$ cat final_1.txt   # compact mmCIF, C-alpha atoms
# COMPACT_ATOMS: atom_id res chain seq x y z
CA MET A 1 -41.84 55.32 -27.33
CA GLN A 2 -43.53 58.12 -29.23
CA MET A 3 -43.17 58.33 -32.99
CA LYS A 4 -42.26 62.02 -32.72
CA SER A 5 -39.08 61.29 -30.77
CA LEU A 6 -37.81 59.18 -33.69
CA PHE A 7 -37.16 62.40 -35.60
CA ASN A 8 -35.55 64.18 -32.70
CA LYS A 9 -31.77 64.46 -33.12
CA SER A 10 -30.83 64.20 -29.46
CA PHE A 11 -32.80 60.96 -29.23
CA TRP A 12 -30.47 59.31 -31.74
CA GLN A 13 -27.32 60.67 -30.12
CA GLU A 14 -28.06 59.24 -26.72
CA ARG A 15 -28.12 55.59 -25.79
CA ASP A 16 -31.91 55.81 -26.00
CA VAL A 17 -31.67 54.54 -29.52
CA GLU A 18 -30.39 51.18 -28.28
CA MET A 19 -33.27 51.01 -25.82
CA PHE A 20 -35.65 51.72 -28.68
CA ILE A 21 -34.12 48.90 -30.70
CA GLY A 22 -34.45 46.60 -27.69
CA GLN A 23 -38.13 47.46 -27.39
CA GLN A 24 -38.65 46.92 -31.09
CA LEU A 25 -37.22 43.39 -30.70
CA ARG A 26 -39.56 42.66 -27.82
CA TRP A 27 -42.59 43.92 -29.70
CA GLY A 28 -41.65 41.82 -32.71
CA VAL A 29 -41.52 38.66 -30.62
CA PHE A 30 -44.74 39.56 -28.81
CA THR A 31 -46.67 40.31 -32.04
CA SER A 32 -45.38 37.12 -33.62
CA SER A 33 -46.49 34.92 -30.74
CA ILE A 34 -49.99 36.44 -30.70
CA ILE A 35 -50.35 35.79 -34.46
CA ALA A 36 -48.97 32.23 -34.03
CA LEU A 37 -51.49 31.56 -31.27
CA ILE A 38 -54.44 32.74 -33.39
CA GLY A 39 -53.24 30.80 -36.42
CA GLY A 40 -52.53 27.74 -34.30
CA ILE A 41 -56.05 27.64 -32.88
CA ILE A 42 -57.60 27.94 -36.36
CA TYR A 43 -55.22 25.24 -37.61
CA LEU A 44 -56.12 22.87 -34.77
CA VAL A 45 -59.84 23.42 -35.25
CA SER A 46 -59.59 22.55 -38.95
CA HIS A 47 -56.79 19.94 -38.89
CA GLY A 48 -56.64 18.76 -35.25
CA GLY A 49 -58.21 15.38 -35.98
CA GLY A 50 -55.73 14.50 -38.75
CA THR A 51 -52.58 12.43 -38.40
CA PRO A 52 -49.20 14.17 -38.31
CA ALA A 53 -46.97 13.07 -41.22
CA TYR A 54 -43.52 14.43 -40.51
CA HIS A 55 -41.62 11.16 -40.62
CA GLU A 56 -40.92 11.60 -44.30
CA PHE A 57 -39.89 14.96 -45.66
CA LYS A 58 -42.34 16.38 -48.15
CA GLY A 59 -41.88 20.03 -47.24
CA ALA A 60 -44.46 22.59 -46.13
CA PRO A 61 -47.36 23.21 -48.59
CA GLU A 62 -46.22 25.27 -51.59
CA TYR A 63 -48.42 28.31 -50.79
CA VAL A 64 -46.87 28.90 -47.33
CA ARG A 65 -43.32 29.13 -48.71
CA HIS A 66 -43.50 32.71 -50.00
CA LEU A 67 -45.05 35.97 -48.83
CA PRO A 68 -47.72 36.45 -51.58
CA GLY A 69 -49.05 32.92 -50.97
CA ILE A 70 -49.02 33.45 -47.20
CA LEU A 71 -50.93 36.74 -47.48
CA GLU A 72 -53.56 35.20 -49.77
CA GLY A 73 -53.95 32.40 -47.22
CA VAL A 74 -54.28 34.89 -44.37
CA ALA A 75 -57.08 36.64 -46.29
CA ARG A 76 -58.90 33.25 -46.43
CA LEU A 77 -58.26 32.89 -42.65
CA ASP A 78 -56.22 29.75 -43.36
CA GLY A 79 -54.59 28.59 -40.10
CA MET A 80 -51.33 27.42 -41.69
CA ALA A 81 -50.89 30.70 -43.54
CA ILE A 82 -51.52 32.73 -40.36
CA ILE A 83 -48.88 30.68 -38.47
CA GLN A 84 -46.47 31.27 -41.32
CA LEU A 85 -47.21 35.01 -41.14
CA ALA A 86 -46.08 34.82 -37.50
CA VAL A 87 -42.84 33.19 -38.70
CA VAL A 88 -42.36 36.00 -41.23
CA VAL A 89 -42.88 38.64 -38.51
CA LEU A 90 -40.33 36.81 -36.35
CA LEU A 91 -37.79 36.71 -39.21
CA ALA A 92 -38.40 40.37 -39.94
CA THR A 93 -37.67 41.37 -36.32
CA PRO A 94 -33.84 41.06 -36.40
CA ILE A 95 -33.77 42.34 -40.00
CA THR A 96 -35.65 45.55 -39.05
CA ARG A 97 -33.24 45.91 -36.17
CA ILE A 98 -30.32 46.01 -38.65
CA ALA A 99 -32.13 48.69 -40.66
CA PHE A 100 -32.57 50.78 -37.49
CA SER A 101 -28.89 50.35 -36.67
CA VAL A 102 -27.95 51.89 -40.04
CA LEU A 103 -29.91 55.01 -39.01
CA ALA A 104 -28.39 54.99 -35.53
CA PHE A 105 -24.82 54.87 -36.84
CA ALA A 106 -25.64 57.55 -39.43
CA MET A 107 -26.81 59.90 -36.68
CA GLU A 108 -23.58 59.23 -34.79
CA LYS A 109 -21.75 60.15 -38.03
CA ASP A 110 -19.96 56.82 -37.85
CA ARG A 111 -19.48 56.24 -41.60
CA LEU A 112 -17.45 53.06 -41.15
CA TYR A 113 -20.30 51.37 -39.29
CA VAL A 114 -23.00 52.70 -41.57
CA PHE A 115 -21.06 50.91 -44.31
CA ILE A 116 -20.58 47.69 -42.28
CA THR A 117 -24.24 47.59 -41.26
CA LEU A 118 -25.32 48.15 -44.88
CA ILE A 119 -23.19 45.15 -45.92
CA VAL A 120 -24.99 42.95 -43.34
CA LEU A 121 -28.36 44.26 -44.56
CA GLY A 122 -27.25 43.62 -48.15
CA VAL A 123 -26.30 40.01 -47.38
CA ILE A 124 -29.72 39.35 -45.84
CA ILE A 125 -31.59 41.06 -48.69
CA PHE A 126 -29.53 38.96 -51.10
CA SER A 127 -30.64 35.81 -49.28
CA ILE A 128 -34.31 36.88 -49.54
CA PHE A 129 -34.33 37.73 -53.24
CA SER A 130 -31.64 35.53 -54.74
CA GLY A 131 -33.99 32.58 -55.06
CA LEU A 132 -31.43 30.36 -53.33
CA GLY A 133 -34.27 28.59 -51.56
CA GLY A 134 -36.22 28.19 -54.79
CA MET B 1 -51.66 10.06 -32.52
CA SER B 2 -53.80 12.92 -33.81
CA ILE B 3 -52.42 16.34 -34.75
CA LEU B 4 -54.02 17.80 -31.60
CA VAL B 5 -52.19 15.38 -29.28
CA PHE B 6 -48.94 15.78 -31.26
CA THR B 7 -49.21 19.58 -30.92
CA LEU B 8 -49.84 19.47 -27.16
CA ILE B 9 -46.94 17.09 -26.45
CA LEU B 10 -44.65 19.11 -28.71
CA LEU B 11 -45.73 22.29 -26.91
CA ALA B 12 -44.68 20.77 -23.56
CA GLY B 13 -41.39 19.49 -25.04
CA ALA B 14 -40.59 22.88 -26.57
CA PHE B 15 -41.30 24.51 -23.21
CA MET B 16 -38.69 22.24 -21.56
CA ALA B 17 -36.23 22.89 -24.38
CA GLY B 18 -36.66 26.65 -24.05
CA MET B 19 -36.24 26.51 -20.28
CA LEU B 20 -33.09 24.35 -20.41
CA GLY B 21 -31.72 26.47 -23.23
CA SER B 22 -32.12 29.67 -21.26
CA LEU B 23 -30.81 28.20 -17.98
CA THR B 24 -27.61 27.04 -19.65
CA GLY B 25 -27.28 29.80 -22.23
CA LEU B 26 -27.10 27.28 -25.07
CA GLY B 27 -30.41 28.25 -26.68
CA GLY B 28 -33.46 26.12 -27.41
CA GLY B 29 -32.23 24.38 -30.56
CA VAL B 30 -29.75 22.03 -28.92
CA VAL B 31 -32.53 20.19 -27.07
CA LEU B 32 -35.23 20.76 -29.66
CA ILE B 33 -33.57 18.93 -32.57
CA PRO B 34 -32.92 15.68 -30.63
CA LEU B 35 -36.43 15.92 -29.16
CA LEU B 36 -38.07 16.22 -32.59
CA THR B 37 -35.93 13.60 -34.31
CA LEU B 38 -35.34 10.98 -31.57
CA VAL B 39 -38.66 11.21 -29.70
CA PHE B 40 -41.14 12.35 -32.36
CA HIS B 41 -39.35 10.73 -35.33
CA VAL B 42 -39.71 13.93 -37.31
CA ASP B 43 -37.47 14.21 -40.39
CA ILE B 44 -34.35 16.19 -39.42
CA ARG B 45 -35.03 18.80 -42.12
CA TYR B 46 -38.27 19.84 -40.41
CA ALA B 47 -36.39 19.86 -37.10
CA VAL B 48 -33.70 22.17 -38.49
CA GLY B 49 -36.35 24.60 -39.80
CA ALA B 50 -38.23 24.65 -36.49
CA SER B 51 -35.05 25.08 -34.48
CA LEU B 52 -33.94 28.10 -36.54
CA VAL B 53 -37.26 29.81 -35.89
CA ALA B 54 -36.92 29.03 -32.17
CA SER B 55 -33.38 30.47 -32.10
CA ILE B 56 -34.62 33.77 -33.52
CA ALA B 57 -37.43 33.98 -30.97
CA ASN B 58 -35.01 33.21 -28.14
CA SER B 59 -32.32 35.62 -29.24
CA SER B 60 -34.66 38.55 -29.90
CA GLY B 61 -36.37 38.10 -26.55
CA ALA B 62 -33.12 37.97 -24.57
CA ALA B 63 -31.19 40.59 -26.57
CA ALA B 64 -33.69 43.25 -25.56
CA ALA B 65 -32.80 42.72 -21.90
CA TYR B 66 -29.02 42.70 -22.40
CA ILE B 67 -28.84 45.84 -24.55
CA LYS B 68 -30.59 47.65 -21.73
CA GLU B 69 -27.71 46.83 -19.37
CA GLY B 70 -25.15 48.21 -21.85
CA ILE B 71 -22.96 45.09 -21.94
CA THR B 72 -23.47 44.12 -25.58
CA ASN B 73 -20.81 45.53 -27.92
CA VAL B 74 -22.94 46.49 -30.92
CA ARG B 75 -19.90 47.29 -33.13
CA ILE B 76 -18.22 43.93 -32.59
CA GLY B 77 -21.56 42.22 -33.17
CA MET B 78 -22.29 44.12 -36.38
CA PHE B 79 -18.77 43.66 -37.79
CA LEU B 80 -18.80 39.90 -37.12
CA GLU B 81 -22.33 39.57 -38.50
CA ILE B 82 -20.87 40.08 -41.98
CA ALA B 83 -19.02 36.80 -41.36
CA THR B 84 -21.90 34.92 -39.71
CA THR B 85 -24.60 35.92 -42.23
CA THR B 86 -22.48 35.03 -45.28
CA GLY B 87 -21.54 31.78 -43.52
CA ALA B 88 -25.21 31.08 -42.71
CA ILE B 89 -26.25 31.37 -46.35
CA VAL B 90 -23.40 29.06 -47.39
CA GLY B 91 -24.53 26.61 -44.69
CA ALA B 92 -28.16 26.71 -45.88
CA LEU B 93 -26.95 25.98 -49.43
CA LEU B 94 -24.71 23.13 -48.26
CA ALA B 95 -27.72 21.64 -46.45
CA VAL B 96 -29.32 20.75 -49.80
CA TYR B 97 -26.35 18.58 -50.77
CA THR B 98 -25.72 17.10 -47.33
CA PRO B 99 -27.36 13.70 -46.64
CA THR B 100 -29.52 13.78 -43.49
CA HIS B 101 -27.44 11.18 -41.63
CA ILE B 102 -24.36 13.40 -42.08
CA VAL B 103 -26.38 16.35 -40.67
CA ALA B 104 -27.27 14.15 -37.66
CA ILE B 105 -23.61 13.18 -37.06
CA LEU B 106 -22.38 16.78 -37.42
CA PHE B 107 -25.12 17.91 -35.06
CA GLY B 108 -24.00 15.33 -32.48
CA ILE B 109 -20.40 16.53 -32.70
CA VAL B 110 -21.37 20.20 -32.28
CA LEU B 111 -23.61 19.19 -29.36
CA LEU B 112 -20.74 17.40 -27.58
CA PHE B 113 -18.53 20.41 -28.18
CA SER B 114 -21.19 22.78 -26.76
CA ALA B 115 -21.53 20.60 -23.65
CA VAL B 116 -17.77 20.75 -23.00
CA MET B 117 -17.78 24.50 -23.63
CA THR B 118 -20.33 25.20 -20.89
CA LEU B 119 -18.01 23.60 -18.30
CA ARG B 120 -14.85 25.39 -19.44
CA LYS B 121 -13.13 28.18 -17.56
CA LYS B 122 -14.31 31.59 -18.65
CA HIS B 123 -12.13 34.46 -19.79
CA GLU B 124 -13.20 37.19 -17.39
CA HIS B 125 -10.18 39.44 -17.58
CA ALA B 126 -10.33 42.72 -19.56
CA GLU B 127 -7.26 43.02 -21.84
CA THR B 128 -5.33 46.30 -21.91
CA GLU B 129 -3.37 45.57 -25.12
CA GLY B 130 -5.30 45.44 -28.39
CA SER B 131 -4.34 44.89 -32.01
CA ARG B 132 -4.02 47.70 -34.57
CA LEU B 133 -6.94 46.40 -36.62
CA ALA B 134 -9.19 46.42 -33.55
CA GLY B 135 -8.35 50.09 -33.12
CA ILE B 136 -9.09 50.93 -36.76
CA MET B 137 -12.40 49.03 -36.57
CA ARG B 138 -13.25 50.78 -33.25
CA LEU B 139 -13.94 47.46 -31.54
CA ASN B 140 -12.40 48.43 -28.17
CA SER B 141 -14.97 49.53 -25.62
CA SER B 142 -15.93 49.37 -21.96
CA TYR B 143 -18.47 47.41 -19.91
CA PRO B 144 -19.94 47.74 -16.42
CA VAL B 145 -18.34 45.72 -13.56
CA ASP B 146 -19.84 46.29 -10.10
CA GLY B 147 -21.20 49.66 -11.17
CA LYS B 148 -17.91 50.93 -12.70
CA GLN B 149 -17.03 51.10 -16.40
CA VAL B 150 -13.99 48.94 -17.23
CA ASP B 151 -12.15 49.43 -20.55
CA TYR B 152 -11.18 46.42 -22.64
CA LYS B 153 -9.17 46.00 -25.83
CA VAL B 154 -9.67 43.46 -28.60
CA ARG B 155 -7.15 41.22 -30.43
CA GLY B 156 -7.20 38.52 -33.11
CA VAL B 157 -9.73 40.27 -35.35
CA GLY B 158 -8.80 38.21 -38.45
CA GLY B 159 -8.89 34.87 -36.62
CA GLY B 160 -12.13 35.78 -34.88
CA TYR B 161 -13.70 36.72 -38.21
CA ALA B 162 -12.63 33.41 -39.76
CA LEU B 163 -14.04 31.34 -36.87
CA MET B 164 -17.26 33.38 -37.03
CA THR B 165 -17.65 32.38 -40.68
CA VAL B 166 -17.42 28.74 -39.57
CA ALA B 167 -19.98 29.44 -36.80
CA GLY B 168 -22.28 30.92 -39.47
CA ILE B 169 -21.92 27.86 -41.72
CA VAL B 170 -22.66 25.51 -38.80
CA SER B 171 -25.67 27.61 -37.83
CA GLY B 172 -27.04 27.60 -41.39
CA LEU B 173 -26.42 23.89 -41.89
CA LEU B 174 -27.73 22.60 -38.56
CA GLY B 175 -30.30 25.24 -37.66
CA ILE B 176 -28.82 26.14 -34.30
CA GLY B 177 -27.52 29.45 -32.97
CA SER B 178 -24.02 27.94 -32.54
CA GLY B 179 -23.53 30.23 -29.56
CA ALA B 180 -20.72 27.98 -28.27
CA LEU B 181 -18.61 28.58 -31.40
CA LYS B 182 -19.33 32.31 -31.31
CA VAL B 183 -18.26 32.57 -27.69
CA LEU B 184 -15.10 30.54 -28.49
CA ALA B 185 -14.17 33.01 -31.23
CA MET B 186 -14.73 36.04 -29.01
CA ASP B 187 -13.30 34.59 -25.76
CA ASN B 188 -10.28 32.61 -26.87
CA ILE B 189 -9.20 34.42 -30.02
CA MET B 190 -10.38 38.00 -29.61
CA ARG B 191 -9.88 37.99 -25.81
CA ILE B 192 -13.15 39.77 -25.09
CA PRO B 193 -14.42 39.54 -21.46
CA PHE B 194 -16.92 36.71 -20.97
CA LYS B 195 -19.90 38.87 -20.08
CA VAL B 196 -19.47 40.91 -23.26
CA SER B 197 -18.90 37.89 -25.52
CA THR B 198 -21.96 36.00 -24.23
CA THR B 199 -24.37 38.88 -24.65
CA THR B 200 -22.88 39.95 -27.98
CA SER B 201 -23.16 36.35 -29.21
CA ASN B 202 -26.82 36.32 -28.24
CA PHE B 203 -27.33 39.61 -30.06
CA MET B 204 -25.86 38.05 -33.21
CA ILE B 205 -27.79 34.76 -33.16
CA GLY B 206 -31.09 36.29 -34.31
CA VAL B 207 -29.58 38.05 -37.32
CA THR B 208 -27.49 35.00 -38.30
CA ALA B 209 -30.48 32.66 -38.02
CA ALA B 210 -32.71 35.06 -40.00
CA ALA B 211 -30.25 35.00 -42.92
CA SER B 212 -30.57 31.23 -43.36
CA ALA B 213 -34.19 30.91 -42.15
CA VAL B 214 -35.34 32.90 -45.17
CA VAL B 215 -33.80 30.24 -47.44
CA TYR B 216 -35.35 27.43 -45.36
CA LEU B 217 -38.79 29.06 -45.46
CA GLN B 218 -38.68 29.17 -49.27
CA ARG B 219 -37.57 25.55 -49.35
CA GLY B 220 -40.47 24.34 -47.18
CA TYR B 221 -38.34 23.27 -44.16
CA ILE B 222 -40.42 25.49 -41.88
CA ASP B 223 -43.74 23.69 -41.45
CA PRO B 224 -46.58 25.62 -39.74
CA GLY B 225 -47.79 22.54 -37.82
CA ILE B 226 -44.39 22.26 -36.09
CA ALA B 227 -43.47 25.95 -36.02
CA PHE B 228 -46.49 27.04 -34.00
CA PRO B 229 -46.11 24.81 -30.90
CA VAL B 230 -42.31 25.21 -31.07
CA VAL B 231 -42.29 29.03 -31.13
CA LEU B 232 -44.87 29.37 -28.36
CA GLY B 233 -43.34 26.62 -26.23
CA VAL B 234 -39.73 27.76 -26.54
CA LEU B 235 -40.64 31.40 -25.82
CA ALA B 236 -42.67 30.54 -22.72
CA GLY B 237 -39.93 28.15 -21.57
CA ALA B 238 -37.14 30.68 -22.08
CA PHE B 239 -39.12 33.29 -20.17
CA SER B 240 -39.73 30.95 -17.21
CA GLY B 241 -36.08 29.87 -17.35
CA SER B 242 -34.83 33.44 -17.04
CA LYS B 243 -37.06 33.93 -13.97
CA LEU B 244 -35.79 30.69 -12.41
CA LEU B 245 -32.17 31.50 -13.16
CA VAL B 246 -31.98 34.01 -10.33
CA ARG B 247 -32.81 31.38 -7.72
CA MET B 248 -30.88 28.33 -8.90
CA ASN B 249 -27.44 26.81 -8.46
CA THR B 250 -26.31 27.01 -12.06
CA ARG B 251 -23.04 25.12 -11.54
CA LYS B 252 -24.80 21.84 -10.60
CA LEU B 253 -27.41 22.44 -13.25
CA ARG B 254 -24.75 22.86 -15.92
CA ILE B 255 -23.09 19.58 -15.04
CA LEU B 256 -26.42 17.76 -15.11
CA PHE B 257 -27.29 19.41 -18.40
CA CYS B 258 -23.94 18.44 -19.91
CA ILE B 259 -24.61 14.79 -19.14
CA VAL B 260 -28.05 15.02 -20.77
CA ILE B 261 -26.69 16.88 -23.81
CA GLY B 262 -23.74 14.48 -24.07
CA SER B 263 -25.96 11.39 -24.18
CA LEU B 264 -28.32 13.03 -26.69
CA ALA B 265 -25.28 13.85 -28.82
CA LEU B 266 -24.04 10.25 -28.75
CA GLU B 267 -27.51 9.00 -29.68
CA MET B 268 -27.70 11.43 -32.62
CA ILE B 269 -24.25 10.27 -33.82
CA TYR B 270 -25.21 6.59 -33.38
CA ASN B 271 -28.48 7.07 -35.30
CA GLY B 272 -26.62 8.97 -38.00
CA LEU B 273 -23.99 6.24 -38.36
CA THR B 274 -26.58 3.48 -38.57
CA GLY B 275 -28.59 5.52 -41.07
CA LYS B 276 -31.71 5.79 -38.89
CA LEU B 277 -31.90 9.57 -39.16

$ encode --input "final_1.txt" --output "structure tokens"
Amino acid sequence: MQMKSLFNKSFWQERDVEMFIGQQLRWGVFTSSIIALIGGIIYLVSHGGGTPAYHEFKGAPEYVRHLPGILEGVARLDGMAIIQLAVVVLLATPITRIAFSVLAFAMEKDRLYVFITLIVLGVIIFSIFSGLGG
Amino acid sequence: MSILVFTLILLAGAFMAGMLGSLTGLGGGVVLIPLLTLVFHVDIRYAVGASLVASIANSSGAAAAYIKEGITNVRIGMFLEIATTTGAIVGALLAVYTPTHIVAILFGIVLLFSAVMTLRKKHEHAETEGSRLAGIMRLNSSYPVDGKQVDYKVRGVGGGYALMTVAGIVSGLLGIGSGALKVLAMDNIMRIPFKVSTTTSNFMIGVTAAASAVVYLQRGYIDPGIAFPVVLGVLAGAFSGSKLLVRMNTRKLRILFCIVIGSLALEMIYNGLTGKL
């Protein structure tokens, strides 16, 4: 899918837009698994000899629980942080899809569904920034 | 057992879970959580986090294929996602105050219910009478049957919305897609044809799971050491499952799967009651 067609009106009016969204989902999953594989190999090389301790819940290390910490870890080529980046990409995939749907409904001049889709997007953004997980 | 061995065994287990999940349409989580807790003795909170991530991977991968065929009703999905995402956040919040043995028991009950649901008679008929609200919300649509477009109307919008909120809470609390509850809301209450409800449910699972997964990530439930073999294993398994699906007798497979799921469910409930999980 060429970038140029994104700004073409007829592209948004046809069902092509749903195909585009479908492809975006597939790319998200594909990118995420490649990143997870790279991170996983680095993680195994550095931690593979250790003993897994998941019987008691201590929670993932503090720095892999939020995006700034994950990105700093990725810059250090930390395996755990790279895996967590893959998780973030995976989480972002359906969220981006909602954002694209807002545009798609707007091009169809379907105000009701632009509104509904914005509510869904709002609920998810609320869950990211509300600090509920804190 | 070293981390390397743990990872490899988990990778194989997640592959099986993904394959079974895609063959039965229940998703990877229903097998993954018992596998992690009963076989690997992983704390159920880590299992819930890993299962949510697997559900998103599964749903996004499959949704791409279904949208292409034009069966998914994007409007119904989007409208009901208001209910499932708010429910999912409530569920993720409830999870903090819910003791793990209660989570295990609830999971067992939902698992039993899902097993029964896969054997139930499907609603394949397209309704010609819809409710007024369905008309206002533009939920009525058409879907392809043997190459022809068949129109269908939607009913029970309020009831469907309410049940979807429950499905969202269950999904957020237990870390599963709760596809069975979603299909129940769309099939039995809203009277949507089976093909449309299944694919639309799949479309919704990723978004619903993402809403609560964000909270779980911040809380440390998603551990990289578990997430990496689980995501890769479930994805590869689901992909192989969808290739196998074309050549297999799904009826027999479903019955076999229901027995497996049923006994896993009873074991989860038993372990929850005796406080082992």

$ atom_distance --input "final_1.txt" --atom1 "CA of Ser240 (chain B)" --atom2 "CA of Gly172 (chain B)"
27.5 Å

$ residues_around --input "final_1.txt" --residues "Ser141 (chain B)" --least-positions-apart "5" --cutoff "9 Å" --atoms "all atoms listed in the file" --output "short mmCIF file (atom, residue, chain, number, x, y, z; two decimals) with C-alpha atoms, in the coordinates of the input"
data_model
loop_
_atom_site.label_atom_id
_atom_site.label_comp_id
_atom_site.auth_asym_id
_atom_site.auth_seq_id
_atom_site.Cartn_x
_atom_site.Cartn_y
_atom_site.Cartn_z
CA ASN B 73 -20.81 45.53 -27.92
CA VAL B 150 -13.99 48.94 -17.23
CA ASP B 151 -12.15 49.43 -20.55
CA TYR B 152 -11.18 46.42 -22.64
CA LYS B 153 -9.17 46.00 -25.83
CA VAL B 154 -9.67 43.46 -28.60
#

$ interface_residues --input "final_1.txt" --of "chain B" --to "chain A" --cutoff "7 Å" --atoms "only C-alpha atoms" --output "MDAnalysis selection string"
chainID B and resid 1:4 41:43 57 60:61 63:64 67:68 78:79 81:82 85:86 89 206:207 210:211 214:224 228 232

$ closest_residue --input "final_1.txt" --among "B:Ala62, B:Gly29, B:Phe203, B:Val157" --to "Ala50 (chain B)" --atoms "all atoms listed in the file"
B:Gly29

$ atom_distance --input "final_1.txt" --atom1 "CA of His125 (chain B)" --atom2 "CA of Ala180 (chain B)"
18.9 Å

$ axis_aligned_box --input "final_1.txt" --around "region 25-28 of chain A" --padding-each-side "8 Å" --output "JSON"
{"center_x": -39.9, "center_y": 42.9, "center_z": -30.3, "size_x": 21.4, "size_y": 18.1, "size_z": 20.9}

$ atom_distance --input "final_1.txt" --atom1 "CA of Thr7 (chain B)" --atom2 "CA of Val234 (chain B)"
13.3 Å

$ closest_residue --input "final_1.txt" --among "B:Ile176, B:Ile205, B:Ile192, B:Val74" --to "Val102 (chain A)" --atoms "all atoms listed in the file"
B:Val74

$ residues_around --input "final_1.txt" --residues "region 99-109 of chain B" --least-positions-apart "6" --cutoff "9 Å" --atoms "all atoms listed in the file" --output "PDB file with C-alpha atoms, in the coordinates of the input"
ATOM      1  CA  VAL B  30     -29.750  22.030 -28.920  1.00  0.00           C
ATOM      2  CA  ILE B  33     -33.570  18.930 -32.570  1.00  0.00           C
ATOM      3  CA  ASP B  43     -37.470  14.210 -40.390  1.00  0.00           C
ATOM      4  CA  ILE B  44     -34.350  16.190 -39.420  1.00  0.00           C
ATOM      5  CA  ARG B  45     -35.030  18.800 -42.120  1.00  0.00           C
ATOM      6  CA  VAL B 170     -22.660  25.510 -38.800  1.00  0.00           C
ATOM      7  CA  LEU B 173     -26.420  23.890 -41.890  1.00  0.00           C
ATOM      8  CA  LEU B 174     -27.730  22.600 -38.560  1.00  0.00           C
ATOM      9  CA  GLY B 262     -23.740  14.480 -24.070  1.00  0.00           C
ATOM     10  CA  LEU B 264     -28.320  13.030 -26.690  1.00  0.00           C
ATOM     11  CA  ALA B 265     -25.280  13.850 -28.820  1.00  0.00           C
ATOM     12  CA  LEU B 266     -24.040  10.250 -28.750  1.00  0.00           C
ATOM     13  CA  GLU B 267     -27.510   9.000 -29.680  1.00  0.00           C
ATOM     14  CA  MET B 268     -27.700  11.430 -32.620  1.00  0.00           C
ATOM     15  CA  ILE B 269     -24.250  10.270 -33.820  1.00  0.00           C
ATOM     16  CA  TYR B 270     -25.210   6.590 -33.380  1.00  0.00           C
ATOM     17  CA  ASN B 271     -28.480   7.070 -35.300  1.00  0.00           C
ATOM     18  CA  GLY B 272     -26.620   8.970 -38.000  1.00  0.00           C
ATOM     19  CA  LEU B 273     -23.990   6.240 -38.360  1.00  0.00           C
ATOM     20  CA  THR B 274     -26.580   3.480 -38.570  1.00  0.00           C
ATOM     21  CA  GLY B 275     -28.590   5.520 -41.070  1.00  0.00           C
ATOM     22  CA  LYS B 276     -31.710   5.790 -38.890  1.00  0.00           C
ATOM     23  CA  LEU B 277     -31.900   9.570 -39.160  1.00  0.00           C
TER      24      LEU B 277
END

$ decode --input "final_1.txt" --residues "region 86-115 of chain A" --atoms "C-alpha atoms" --output "mmCIF file, in the first residue's frame"
data_model
loop_
_atom_site.group_PDB
_atom_site.id
_atom_site.type_symbol
_atom_site.label_atom_id
_atom_site.label_comp_id
_atom_site.auth_asym_id
_atom_site.auth_seq_id
_atom_site.Cartn_x
_atom_site.Cartn_y
_atom_site.Cartn_z
ATOM 1 C CA ALA A 86 7.549 -6.062 21.173
ATOM 2 C CA VAL A 87 4.663 -6.218 23.663
ATOM 3 C CA VAL A 88 4.157 -2.450 23.316
ATOM 4 C CA VAL A 89 4.079 -2.737 19.499
ATOM 5 C CA LEU A 90 1.528 -5.539 19.833
ATOM 6 C CA LEU A 91 -0.660 -3.453 22.176
ATOM 7 C CA ALA A 92 -0.376 -0.479 19.851
ATOM 8 C CA THR A 93 -1.604 -2.508 16.860
ATOM 9 C CA PRO A 94 -5.346 -2.622 17.726
ATOM 10 C CA ILE A 95 -5.155 0.919 19.149
ATOM 11 C CA THR A 96 -3.761 2.320 15.867
ATOM 12 C CA ARG A 97 -6.494 0.436 14.087
ATOM 13 C CA ILE A 98 -9.112 2.382 16.086
ATOM 14 C CA ALA A 99 -7.406 5.645 15.143
ATOM 15 C CA PHE A 100 -7.540 4.668 11.451
ATOM 16 C CA SER A 101 -11.220 3.797 11.808
ATOM 17 C CA VAL A 102 -11.947 7.354 13.018
ATOM 18 C CA LEU A 103 -10.468 8.635 9.735
ATOM 19 C CA ALA A 104 -12.350 6.034 7.702
ATOM 20 C CA PHE A 105 -15.724 6.967 9.205
ATOM 21 C CA ALA A 106 -14.916 10.673 8.794
ATOM 22 C CA MET A 107 -14.319 10.170 5.070
ATOM 23 C CA GLU A 108 -17.651 8.341 4.830
ATOM 24 C CA LYS A 109 -19.197 11.391 6.555
ATOM 25 C CA ASP A 110 -20.626 9.063 9.182
ATOM 26 C CA ARG A 111 -20.623 11.483 12.138
ATOM 27 C CA LEU A 112 -22.328 9.053 14.512
ATOM 28 C CA TYR A 113 -19.535 6.513 14.095
ATOM 29 C CA VAL A 114 -16.759 9.082 14.188
ATOM 30 C CA PHE A 115 -18.178 9.950 17.611
#
